[in-house]
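**Q** My questions all concern the structure below.
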Amino acid sequence: MEKESIIRQFFSEERDQKISTAFFKLIDDQLWQCIYEVGIPPGEQDDFHSDICEKLLRMKPKLYEYRGSNHFDGWLYTVVRNTYYHQVRDKKHWDMVMIEGYHDIPEEDPDPYEKERIEELLHEGINQLSEAHRSTLLKHYWEQKKAADICQEQNIRRSTMYKRLDTAQDLLREYLLKKHDFD
């Protein structure tokens with residue numbers, strides 16, 4: 001079978017295991033090339049390859065985006081790139097909310113004095129930040145403003161806003177760890 005025929009059959013309603021196997025065999029080199037071009041670290045490439053193959057099988061509702069063999073290379077690259085960027089974003093978010101020893105946290109209310117001390121340390125840490133970092137952090141978390149609004153108010157790019165936010169979080173985390181003994 002020719003490439004376009006296999007691709008069209010894979011995207012059709014009636015897809016069987018034989019066509020799926022032929023499709024993945026046909027695009028395997030191209031898929032690895034996309035993985036390399038996106039810049040996925042070597043230690044993550046094999047797992048990502050498996051994930052993207054599973055995703056392609058689950059993408060039936062989104063396959064209308066594919067518009068023919070001359071666009072397939074770009075379409076596949078876009079799927080790989082977006083999938084990886086989403087994984088990186090989700091992992092970064094997950095790492096931010098994970099607390100080491102989460103299951104060891106008691107369910108009872110913390111000591112009011114301890115809570116007050118942590119709040120004081122938090123305020124001290126925020127005051128240690130530069131004005132740009134402090135302003136971005138407070139607008140995002142306390143005022144709960146959207147990224148677009150913060151960027152417009154501060155007349156900065158979105159990437160700059162996120163970089164400031166990341167830096168502020170890192171500096172605040174370091175300050176709190178240095179000043180407070182988290183057992």
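Simple scheme: letters A, B, ... for chains in structure tokens order, numbers from 1 for residues in each chain, numbers from 1 for ligands in the order shown.
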Determine, counting only C-alpha atoms, which protein, DNA and RNA residues have an atom within 10 Å of an atom of Leu171 of chain A; residues of the same chain fewer than 3 positions away are not included. Present the result as a JSON list (two decimals) with N, CA, C and O atoms, in the first residue's frame.
**A**
[["chain", "number", "residue", "atom", "x", "y", "z"],
["A", 125, "GLY", "N", 9.30, 37.08, 53.55],
["A", 125, "GLY", "CA", 9.86, 36.58, 52.29],
["A", 125, "GLY", "C", 9.38, 37.38, 51.09],
["A", 125, "GLY", "O", 10.16, 37.71, 50.19],
["A", 126, "ILE", "N", 8.11, 37.71, 51.08],
["A", 126, "ILE", "CA", 7.56, 38.51, 49.97],
["A", 126, "ILE", "C", 8.19, 39.89, 49.96],
["A", 126, "ILE", "O", 8.51, 40.43, 48.90],
["A", 128, "GLN", "N", 11.13, 40.61, 50.82],
["A", 128, "GLN", "CA", 12.52, 40.49, 50.38],
["A", 128, "GLN", "C", 12.64, 40.51, 48.86],
["A", 128, "GLN", "O", 13.72, 40.74, 48.33],
["A", 129, "LEU", "N", 11.55, 40.26, 48.16],
["A", 129, "LEU", "CA", 11.57, 40.21, 46.70],
["A", 129, "LEU", "C", 11.71, 41.61, 46.11],
["A", 129, "LEU", "O", 11.33, 42.60, 46.74],
["A", 133, "HIS", "N", 9.19, 41.43, 41.01],
["A", 133, "HIS", "CA", 8.82, 40.07, 41.40],
["A", 133, "HIS", "C", 7.66, 40.06, 42.39],
["A", 133, "HIS", "O", 6.72, 39.26, 42.26],
["A", 165, "LEU", "N", 7.40, 35.33, 37.74],
["A", 165, "LEU", "CA", 6.61, 34.52, 38.66],
["A", 165, "LEU", "C", 7.41, 33.31, 39.14],
["A", 165, "LEU", "O", 7.45, 33.00, 40.33],
["A", 166, "ASP", "N", 8.08, 32.62, 38.20],
["A", 166, "ASP", "CA", 8.90, 31.47, 38.56],
["A", 166, "ASP", "C", 10.04, 31.87, 39.49],
["A", 166, "ASP", "O", 10.31, 31.20, 40.49],
["A", 167, "THR", "N", 10.70, 32.96, 39.15],
["A", 167, "THR", "CA", 11.82, 33.43, 39.98],
["A", 167, "THR", "C", 11.33, 33.82, 41.37],
["A", 167, "THR", "O", 11.96, 33.47, 42.38],
["A", 168, "ALA", "N", 10.21, 34.52, 41.45],
["A", 168, "ALA", "CA", 9.66, 34.92, 42.75],
["A", 168, "ALA", "C", 9.32, 33.70, 43.59],
["A", 168, "ALA", "O", 9.62, 33.66, 44.78],
["A", 174, "GLU", "N", 13.12, 29.38, 48.73],
["A", 174, "GLU", "CA", 14.44, 29.35, 49.35],
["A", 174, "GLU", "C", 14.42, 30.10, 50.70],
["A", 174, "GLU", "O", 14.99, 29.63, 51.68],
["A", 175, "TYR", "N", 13.79, 31.26, 50.71],
["A", 175, "TYR", "CA", 13.72, 32.05, 51.93],
["A", 175, "TYR", "C", 13.01, 31.29, 53.04],
["A", 175, "TYR", "O", 13.49, 31.22, 54.17],
["A", 176, "LEU", "N", 11.87, 30.69, 52.70],
["A", 176, "LEU", "CA", 11.09, 29.96, 53.71],
["A", 176, "LEU", "C", 11.84, 28.73, 54.21],
["A", 176, "LEU", "O", 11.81, 28.44, 55.40],
["A", 177, "LEU", "N", 12.50, 28.03, 53.33],
["A", 177, "LEU", "CA", 13.27, 26.86, 53.75],
["A", 177, "LEU", "C", 14.44, 27.24, 54.63],
["A", 177, "LEU", "O", 14.80, 26.50, 55.56]]
**Q** Quick one: residues within 7 Å of segment 136-151 of chain A, only C-alpha atoms counted, chain neighbours fewer than 3 positions away excluded, as JSON, numbers by chain?
**A** {"A": [132, 133, 154, 155, 156, 157, 158, 161, 164, 165, 168]}
**Q** Tell me, in Å to one decimal, how far atom CA of Thr83 of chain A is from atom CA of Gly43 of chain A.
**A**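 That distance, rounded to one decimal, is 16.8 Å.
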**Q** Could you tell me how far atom CA of Glu116 of chain A lies from atom CA of Ser130 of chain A, in Å and to one decimal?
**A**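 Atom CA of Ser130 of chain A lies at a distance of 23.9 Å from atom CA of Glu116 of chain A.
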**Q** Restricting the calculation to only C-alpha atoms: of A:His123, A:Leu172, A:Asp90, A:Phe24, which residue gets closest to Glu54 of chain A?
**A**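 Checking each candidate against Glu54 of chain A, we get A:Phe24 as the closest.
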**Q** Just how far from atom CA of Leu56 of chain A is atom CA of Gly39 of chain A, in Å to one decimal?
**A**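 Computing it gives 19.6 Å between the two atoms.
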**Q** Show me, as a PyMOL selection string, the residues that have an atom within 10 Å of Ile35 of chain A when counting only C-alpha atoms, minus same-chain residues fewer than 6 positions from it.
**A** chain A and resi 29+41-42+44-46+48-49+52+77+80-81+84
